[in-house]
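J.: TSV, C-alpha atoms and all ligand atoms, file structure-v1.tsv:
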```
chain	number	residue	atom	x	y	z
A	15	GLY	CA	75.27	211.92	-77.39
A	16	LYS	CA	75.57	209.42	-74.57
A	17	ARG	CA	78.65	209.23	-72.39
A	18	VAL	CA	80.09	205.73	-72.55
A	19	LEU	CA	82.74	204.25	-70.28
A	20	ILE	CA	84.50	201.11	-71.53
A	21	THR	CA	87.08	198.79	-69.94
A	22	ALA	CA	89.13	196.64	-72.30
A	23	GLY	CA	92.06	194.28	-72.50
A	24	PRO	CA	93.51	192.06	-69.79
A	25	THR	CA	94.89	193.20	-66.45
A	26	PHE	CA	98.46	192.33	-65.45
A	27	GLU	CA	99.08	191.27	-61.85
A	28	ALA	CA	102.75	191.58	-60.96
A	29	ILE	CA	104.55	188.77	-59.10
A	30	ASP	CA	108.02	190.34	-59.05
A	31	ALA	CA	110.02	192.92	-60.98
A	32	VAL	CA	109.90	190.92	-64.21
A	33	ARG	CA	106.95	188.51	-63.92
A	34	GLY	CA	103.23	188.57	-63.59
A	35	ILE	CA	99.89	186.91	-64.25
A	36	ILE	CA	97.97	187.85	-67.38
A	37	ASN	CA	95.36	186.15	-69.53
A	38	LEU	CA	95.12	185.88	-73.31
A	39	SER	CA	92.72	188.76	-73.95
A	40	SER	CA	93.89	190.80	-76.97
A	41	GLY	CA	91.66	193.83	-76.30
A	42	LYS	CA	90.29	193.68	-79.88
A	43	MET	CA	86.61	193.44	-78.91
A	44	GLY	CA	86.82	196.29	-76.38
A	45	TYR	CA	88.69	198.54	-78.80
A	46	ALA	CA	86.20	197.74	-81.57
A	47	ILE	CA	83.33	198.66	-79.23
A	48	ALA	CA	85.04	201.92	-78.27
A	49	SER	CA	85.39	202.84	-81.95
A	50	ALA	CA	81.81	201.80	-82.77
A	51	ALA	CA	80.41	203.87	-79.87
A	52	SER	CA	82.48	206.85	-80.95
A	53	ASN	CA	81.32	206.49	-84.57
A	54	ALA	CA	77.73	206.35	-83.31
A	55	GLY	CA	78.18	209.78	-81.75
A	56	ALA	CA	78.90	208.85	-78.14
A	57	THR	CA	81.50	210.52	-75.93
A	58	VAL	CA	83.80	207.62	-75.10
A	59	THR	CA	86.25	207.08	-72.25
A	60	LEU	CA	88.34	203.95	-72.71
A	61	ILE	CA	90.22	202.41	-69.78
A	62	ALA	CA	92.58	199.77	-71.09
A	63	GLY	CA	94.94	197.19	-69.65
A	64	PRO	CA	98.11	196.16	-71.49
A	65	VAL	CA	97.35	195.43	-75.17
A	66	HIS	CA	99.27	195.62	-78.44
A	67	LEU	CA	96.77	197.69	-80.41
A	68	PRO	CA	96.81	201.21	-81.83
A	69	LYS	CA	94.95	203.67	-79.60
A	70	PRO	CA	91.43	204.21	-81.02
A	71	ALA	CA	89.99	207.68	-81.61
A	72	VAL	CA	88.14	208.26	-78.33
A	73	GLN	CA	87.51	211.35	-76.18
A	74	LYS	CA	89.60	210.05	-73.29
A	75	PHE	CA	92.05	207.16	-72.99
A	76	VAL	CA	93.37	205.86	-69.67
A	77	SER	CA	96.06	203.19	-69.59
A	78	VAL	CA	96.21	200.90	-66.53
A	79	THR	CA	98.03	197.74	-65.55
A	80	SER	CA	96.39	195.89	-62.64
A	81	ALA	CA	92.77	195.25	-61.66
A	82	GLU	CA	93.13	197.54	-58.65
A	83	GLN	CA	94.35	200.36	-60.91
A	84	MET	CA	91.49	199.67	-63.32
A	85	LEU	CA	88.98	199.93	-60.46
A	86	GLU	CA	90.48	203.26	-59.33
A	87	ALA	CA	90.30	204.61	-62.89
A	88	VAL	CA	86.68	203.44	-63.23
A	89	LYS	CA	85.74	205.10	-59.91
A	90	LYS	CA	87.15	208.41	-61.23
A	91	GLU	CA	85.20	208.24	-64.50
A	92	VAL	CA	81.96	206.48	-63.62
A	93	ASP	CA	79.96	209.42	-62.19
A	94	ASP	CA	79.91	211.11	-65.57
A	95	CYS	CA	78.77	208.15	-67.65
A	96	ASP	CA	75.40	206.93	-68.93
A	97	ILE	CA	76.58	203.52	-70.13
A	98	PHE	CA	79.30	201.24	-68.76
A	99	ILE	CA	80.53	198.46	-71.05
A	100	SER	CA	82.85	196.11	-69.19
A	101	VAL	CA	84.79	194.21	-71.84
A	102	ALA	CA	88.02	193.88	-69.84
A	103	ALA	CA	89.26	190.42	-68.96
A	104	VAL	CA	90.05	191.31	-65.37
A	105	ALA	CA	92.30	188.81	-63.61
A	106	ASP	CA	90.27	187.01	-60.96
A	107	TYR	CA	93.26	186.82	-58.59
A	108	ARG	CA	96.49	188.68	-57.92
A	109	PRO	CA	99.59	187.60	-55.97
A	110	GLN	CA	99.17	188.47	-52.30
A	111	THR	CA	102.62	190.06	-52.15
A	112	TYR	CA	104.78	191.81	-54.72
A	113	GLU	CA	108.51	191.06	-54.68
A	114	PRO	CA	110.41	194.14	-55.94
A	115	GLN	CA	113.50	192.06	-56.70
A	116	LYS	CA	113.57	189.25	-59.28
A	117	ILE	CA	112.73	186.02	-57.45
A	118	LYS	CA	115.69	183.64	-57.71
A	119	LYS	CA	115.19	180.15	-59.10
A	120	VAL	CA	115.68	177.24	-56.71
A	121	ASN	CA	115.20	173.56	-57.40
A	122	GLN	CA	112.04	173.42	-55.26
A	123	PRO	CA	108.34	173.87	-55.92
A	124	LEU	CA	107.29	177.51	-55.60
A	125	THR	CA	103.95	178.39	-54.00
A	126	LEU	CA	102.25	181.64	-54.98
A	127	GLU	CA	99.55	182.90	-52.62
A	128	LEU	CA	96.74	184.48	-54.65
A	129	VAL	CA	93.98	186.75	-53.38
A	130	PRO	CA	90.76	187.63	-55.22
A	131	ASN	CA	90.61	190.90	-57.15
A	132	PRO	CA	87.69	193.32	-56.80
A	133	ASP	CA	84.87	192.73	-59.29
A	134	ILE	CA	84.75	196.09	-61.08
A	135	LEU	CA	81.53	195.48	-62.98
A	136	HIS	CA	79.76	194.21	-59.86
A	137	TYR	CA	80.85	197.36	-58.05
A	138	VAL	CA	79.50	199.68	-60.77
A	139	ALA	CA	76.24	197.80	-61.27
A	140	HIS	CA	75.54	197.94	-57.53
A	141	LEU	CA	76.08	201.72	-57.20
A	142	GLU	CA	73.07	203.64	-55.90
A	143	LYS	CA	72.46	205.16	-59.35
A	144	PRO	CA	74.27	202.80	-61.72
A	145	PRO	CA	74.78	203.58	-65.40
A	146	PHE	CA	73.30	201.15	-67.94
A	147	CYS	CA	75.72	198.24	-67.43
A	148	VAL	CA	76.80	195.78	-70.11
A	149	GLY	CA	78.89	192.75	-69.14
A	150	PHE	CA	80.80	190.15	-71.11
A	151	ALA	CA	80.99	186.46	-70.33
A	152	ALA	CA	83.70	184.45	-72.05
A	153	GLU	CA	83.09	180.80	-71.27
A	154	THR	CA	84.56	177.54	-72.51
A	155	GLU	CA	81.32	175.58	-71.87
A	156	LYS	CA	77.68	176.00	-70.70
A	157	LEU	CA	77.61	179.44	-72.32
A	158	ASP	CA	73.91	180.21	-71.80
A	159	GLN	CA	73.74	178.94	-68.23
A	160	TYR	CA	76.86	180.73	-66.97
A	161	ALA	CA	76.05	183.96	-68.81
A	162	GLN	CA	72.48	184.11	-67.43
A	163	LYS	CA	73.80	183.51	-63.92
A	164	LYS	CA	76.36	186.33	-64.26
A	165	ARG	CA	73.71	188.68	-65.62
A	166	GLN	CA	71.57	188.01	-62.57
A	167	GLN	CA	74.38	188.08	-59.96
A	168	LYS	CA	76.00	191.21	-61.35
A	169	ARG	CA	72.57	192.84	-61.87
A	170	LEU	CA	73.03	193.67	-65.55
A	171	PRO	CA	70.37	194.69	-68.07
A	172	LEU	CA	72.55	193.12	-70.80
A	173	ILE	CA	75.27	190.48	-70.91
A	174	VAL	CA	77.19	189.40	-74.00
A	175	ALA	CA	78.40	185.81	-74.08
A	176	ASN	CA	80.98	184.24	-76.34
A	177	LEU	CA	83.03	181.07	-76.48
A	178	ALA	CA	86.49	181.84	-75.14
A	179	GLN	CA	88.30	179.30	-77.33
A	180	GLU	CA	86.70	180.85	-80.43
A	181	ALA	CA	86.99	184.53	-79.49
A	182	MET	CA	90.35	184.93	-77.74
A	183	GLY	CA	92.76	186.81	-79.96
A	184	ALA	CA	90.65	186.22	-83.08
A	185	ASN	CA	89.42	188.93	-85.45
A	186	GLU	CA	85.99	187.29	-85.71
A	187	SER	CA	83.54	186.00	-83.12
A	188	THR	CA	79.92	185.06	-82.50
A	189	LEU	CA	78.05	186.94	-79.77
A	190	ILE	CA	75.01	185.86	-77.81
A	191	LEU	CA	73.12	188.68	-76.10
A	192	PHE	CA	70.93	188.12	-73.04
A	193	ASP	CA	68.61	190.89	-71.88
A	194	ASP	CA	65.12	191.24	-70.37
A	195	GLN	CA	63.63	190.32	-73.77
A	196	GLY	CA	65.59	187.06	-73.99
A	197	LYS	CA	68.35	185.78	-76.23
A	198	HIS	CA	69.66	187.31	-79.45
A	199	ILE	CA	72.43	185.83	-81.58
A	200	LEU	CA	74.85	188.00	-83.55
A	201	PRO	CA	76.25	185.44	-86.04
A	202	GLN	CA	79.95	185.09	-86.77
A	203	ALA	CA	81.41	188.31	-88.14
A	204	PRO	CA	84.46	190.53	-87.71
A	205	LYS	CA	84.62	192.05	-84.22
A	206	THR	CA	84.36	195.52	-85.77
A	207	GLU	CA	80.97	194.56	-87.28
A	208	LEU	CA	79.77	192.83	-84.07
A	209	ALA	CA	80.72	195.97	-82.13
A	210	ARG	CA	78.56	198.09	-84.44
A	211	GLN	CA	75.60	195.71	-83.99
A	212	LEU	CA	76.07	195.63	-80.21
A	213	ILE	CA	76.09	199.44	-79.98
A	214	LYS	CA	72.91	199.49	-82.07
A	215	HIS	CA	71.29	196.91	-79.76
A	216	ILE	CA	72.21	198.97	-76.67
A	217	GLY	CA	70.71	202.05	-78.33
A	218	LEU	CA	67.44	200.20	-78.93
A	219	LEU	CA	67.30	198.95	-75.32
A	220	LEU	CA	67.83	202.50	-74.03
A	221	GLU	CA	64.96	203.80	-76.18
A	222	LYS	CA	62.51	201.44	-74.42
B	1	LIG	O1	85.18	187.21	-64.94
B	1	LIG	P1	83.71	187.14	-65.20
B	1	LIG	O2	83.32	186.07	-66.13
B	1	LIG	O3	82.90	187.24	-63.94
B	1	LIG	O4	83.43	188.48	-66.02
B	1	LIG	C1	82.14	188.86	-66.37
B	1	LIG	C2	82.11	190.37	-66.52
B	1	LIG	O5	82.57	190.99	-65.32
B	1	LIG	C3	82.98	190.95	-67.62
B	1	LIG	O6	82.21	191.97	-68.21
B	1	LIG	C4	84.20	191.51	-66.91
B	1	LIG	O7	84.71	192.65	-67.57
B	1	LIG	C5	83.64	191.89	-65.55
B	1	LIG	N1	84.60	191.72	-64.44
B	1	LIG	C6	85.07	192.83	-63.73
B	1	LIG	N2	85.94	192.66	-62.69
B	1	LIG	C7	86.35	191.44	-62.34
B	1	LIG	C8	85.90	190.30	-63.04
B	1	LIG	C9	85.05	190.48	-64.09
B	1	LIG	O8	84.68	193.95	-64.07
B	1	LIG	N3	87.20	191.30	-61.31
```
How does this structure look as structure tokens?
T.:
Amino acid sequence: GKRVLITAGPTFEAIDAVRGIINLSSGKMGYAIASAASNAGATVTLIAGPVHLPKPAVQKFVSVTSAEQMLEAVKKEVDDCDIFISVAAVADYRPQTYEPQKIKKVNQPLTLELVPNPDILHYVAHLEKPPFCVGFAAETEKLDQYAQKKRQQKRLPLIVANLAQEAMGANESTLILFDDQGKHILPQAPKTELARQLIKHIGLLLEK
């Protein structure tokens, strides 16, 4: 079977000892894809940010917190993989500094300096010998346009687009796949079913 590396869930970017920046990703889609790949006979490594989900039955599970930790974990695992599916909702920015003590409240505006995080998928897709890379694009508008642009910029054979307001935290979603052949719609269904269809689609693309 193929060796599949998957990132899932959000990343958490610490501000101080008790606070941080996180987005609303539940990790459901990534975990469903990990299970579907495993059921299809793949050897799966799942690298996951903080989620409240039972650990799926995969060959290897790596738990991370921040985007930088996720990148380090991906670098360790990526050489051995044939397919990289980047489902994680990586935080675009992290606080420039981490305050180890709890920041005290004052009656003044507080300014947080944010710096951009590394783009993990961009890094993998631009390796000298990249695995087959699959990206996700959660958008609130202009789904086709933004997804196509990300597919091109990140150099991906396949990108999966969905509407953020519909997909976030939900058990069901609708997926729109963009590859060299064009656009394919996977109509609304449980994420577990969509994951199965996506894995099948990736299998067909790899046979070409
Ligand atoms: O955040 P963006 O819409 O660019 O995400 C598109 C794809 O890139 C997703 O598959 C996501 O997992 C990946 N990504 C990443 N590292 C980032 C930002 C996004 O791997 N820092």
J.: Hey, what's within 9 Å of A:Ile97 if we count all atoms listed in the file and toss same-chain stuff fewer than 4 positions away? As a compact mmCIF listing (two decimals) with C-alpha atoms, in the frame of the given file, please?
T.:
```txt
# COMPACT_ATOMS: atom_id res chain seq x y z
CA LYS A 16 75.57 209.42 -74.57
CA ARG A 17 78.65 209.23 -72.39
CA VAL A 18 80.09 205.73 -72.55
CA LEU A 19 82.74 204.25 -70.28
CA ILE A 20 84.50 201.11 -71.53
CA VAL A 92 81.96 206.48 -63.62
CA PRO A 144 74.27 202.80 -61.72
CA PRO A 145 74.78 203.58 -65.40
CA PHE A 146 73.30 201.15 -67.94
CA CYS A 147 75.72 198.24 -67.43
CA VAL A 148 76.80 195.78 -70.11
```
J.: For each of A:His215, A:His136, A:Lys222, A:Lys90, take the minimum atom-to-atom distance to A:Phe192, counting only C-alpha atoms, then give the residue where this is smallest.
T.: A:His215
J.: Leaving out stretch 209-211 of chain A and any residue of its chain fewer than 3 positions from it, which residues lie within 6 Å of it when counting only C-alpha atoms, given as a PyMOL selection string?
T.: chain A and resi 46-47+50+205-206+214
J.: Take every atom of ligand LIG 1 (chain B) listed in the file, pad by 3 Å on each side, and give me the axis-aligned box centre and edge lengths in Å, one decimal, as JSON.
T.:
```
{"center_x": 84.7, "center_y": 190.0, "center_z": -64.8, "size_x": 11.1, "size_y": 13.9, "size_z": 12.9}
```
J.: So how far away is atom CA of A:Arg165 from atom CA of A:Gly149, in Å?
T.: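 These two atoms are separated by 7.5 Å.
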J.: With the input short on atoms, add N, CA, C and O atoms back to stretch 27-51 of chain A and write it as a short mmCIF file (atom, residue, chain, number, x, y, z; two decimals), keeping the file's coordinate frame.
T.:
```
data_model
loop_
_atom_site.label_atom_id
_atom_site.label_comp_id
_atom_site.auth_asym_id
_atom_site.auth_seq_id
_atom_site.Cartn_x
_atom_site.Cartn_y
_atom_site.Cartn_z
N GLU A 27 98.90 191.30 -63.31
CA GLU A 27 99.08 191.27 -61.85
C GLU A 27 100.52 190.85 -61.56
O GLU A 27 100.90 189.69 -61.75
N ALA A 28 101.32 191.81 -61.11
CA ALA A 28 102.75 191.58 -60.96
C ALA A 28 103.06 190.57 -59.84
O ALA A 28 102.43 190.60 -58.78
N ILE A 29 104.03 189.71 -60.10
CA ILE A 29 104.55 188.77 -59.10
C ILE A 29 105.86 189.35 -58.54
O ILE A 29 106.03 189.46 -57.33
N ASP A 30 106.77 189.69 -59.45
CA ASP A 30 108.02 190.34 -59.05
C ASP A 30 108.38 191.37 -60.11
O ASP A 30 107.55 191.70 -60.98
N ALA A 31 109.62 191.85 -60.08
CA ALA A 31 110.02 192.92 -60.98
C ALA A 31 109.86 192.57 -62.46
O ALA A 31 109.69 193.47 -63.29
N VAL A 32 109.90 191.29 -62.78
CA VAL A 32 109.90 190.92 -64.21
C VAL A 32 108.80 189.92 -64.58
O VAL A 32 108.73 189.48 -65.73
N ARG A 33 107.95 189.54 -63.63
CA ARG A 33 106.95 188.51 -63.92
C ARG A 33 105.57 188.91 -63.43
O ARG A 33 105.44 189.72 -62.52
N GLY A 34 104.59 188.29 -64.03
CA GLY A 34 103.23 188.57 -63.59
C GLY A 34 102.24 187.60 -64.17
O GLY A 34 102.60 186.72 -64.96
N ILE A 35 100.98 187.76 -63.78
CA ILE A 35 99.89 186.91 -64.25
C ILE A 35 99.04 187.73 -65.22
O ILE A 35 98.67 188.86 -64.92
N ILE A 36 98.78 187.15 -66.37
CA ILE A 36 97.97 187.85 -67.38
C ILE A 36 97.18 186.78 -68.13
O ILE A 36 97.59 185.63 -68.18
N ASN A 37 96.04 187.14 -68.69
CA ASN A 37 95.36 186.15 -69.53
C ASN A 37 95.48 186.54 -71.00
O ASN A 37 96.12 187.53 -71.33
N LEU A 38 94.85 185.76 -71.88
CA LEU A 38 95.12 185.88 -73.31
C LEU A 38 94.29 186.94 -74.03
O LEU A 38 94.34 187.03 -75.25
N SER A 39 93.54 187.75 -73.29
CA SER A 39 92.72 188.76 -73.95
C SER A 39 93.57 189.71 -74.82
O SER A 39 94.58 190.24 -74.37
N SER A 40 93.14 189.93 -76.06
CA SER A 40 93.89 190.80 -76.97
C SER A 40 93.44 192.25 -76.87
O SER A 40 94.15 193.16 -77.30
N GLY A 41 92.22 192.48 -76.36
CA GLY A 41 91.66 193.83 -76.30
C GLY A 41 90.91 194.21 -77.57
O GLY A 41 90.31 195.29 -77.64
N LYS A 42 90.90 193.32 -78.59
CA LYS A 42 90.29 193.68 -79.88
C LYS A 42 88.81 194.02 -79.77
O LYS A 42 88.34 194.98 -80.38
N MET A 43 88.06 193.20 -79.01
CA MET A 43 86.61 193.44 -78.91
C MET A 43 86.34 194.78 -78.21
O MET A 43 85.52 195.57 -78.69
N GLY A 44 87.04 195.04 -77.12
CA GLY A 44 86.82 196.29 -76.38
C GLY A 44 87.18 197.51 -77.22
O GLY A 44 86.45 198.52 -77.22
N TYR A 45 88.29 197.41 -77.95
CA TYR A 45 88.69 198.54 -78.80
C TYR A 45 87.69 198.75 -79.94
O TYR A 45 87.38 199.88 -80.31
N ALA A 46 87.19 197.64 -80.49
CA ALA A 46 86.20 197.74 -81.57
C ALA A 46 84.92 198.40 -81.05
O ALA A 46 84.30 199.23 -81.73
N ILE A 47 84.53 198.06 -79.82
CA ILE A 47 83.33 198.66 -79.23
C ILE A 47 83.54 200.15 -78.96
O ILE A 47 82.65 200.96 -79.19
N ALA A 48 84.73 200.51 -78.50
CA ALA A 48 85.04 201.92 -78.27
C ALA A 48 84.93 202.71 -79.57
O ALA A 48 84.33 203.80 -79.61
N SER A 49 85.47 202.16 -80.65
CA SER A 49 85.39 202.84 -81.95
C SER A 49 83.96 202.93 -82.45
O SER A 49 83.53 203.97 -82.96
N ALA A 50 83.21 201.83 -82.29
CA ALA A 50 81.81 201.80 -82.77
C ALA A 50 80.96 202.82 -82.01
O ALA A 50 80.13 203.51 -82.59
N ALA A 51 81.17 202.91 -80.69
CA ALA A 51 80.41 203.87 -79.87
C ALA A 51 80.74 205.29 -80.29
O ALA A 51 79.86 206.15 -80.43
#
```
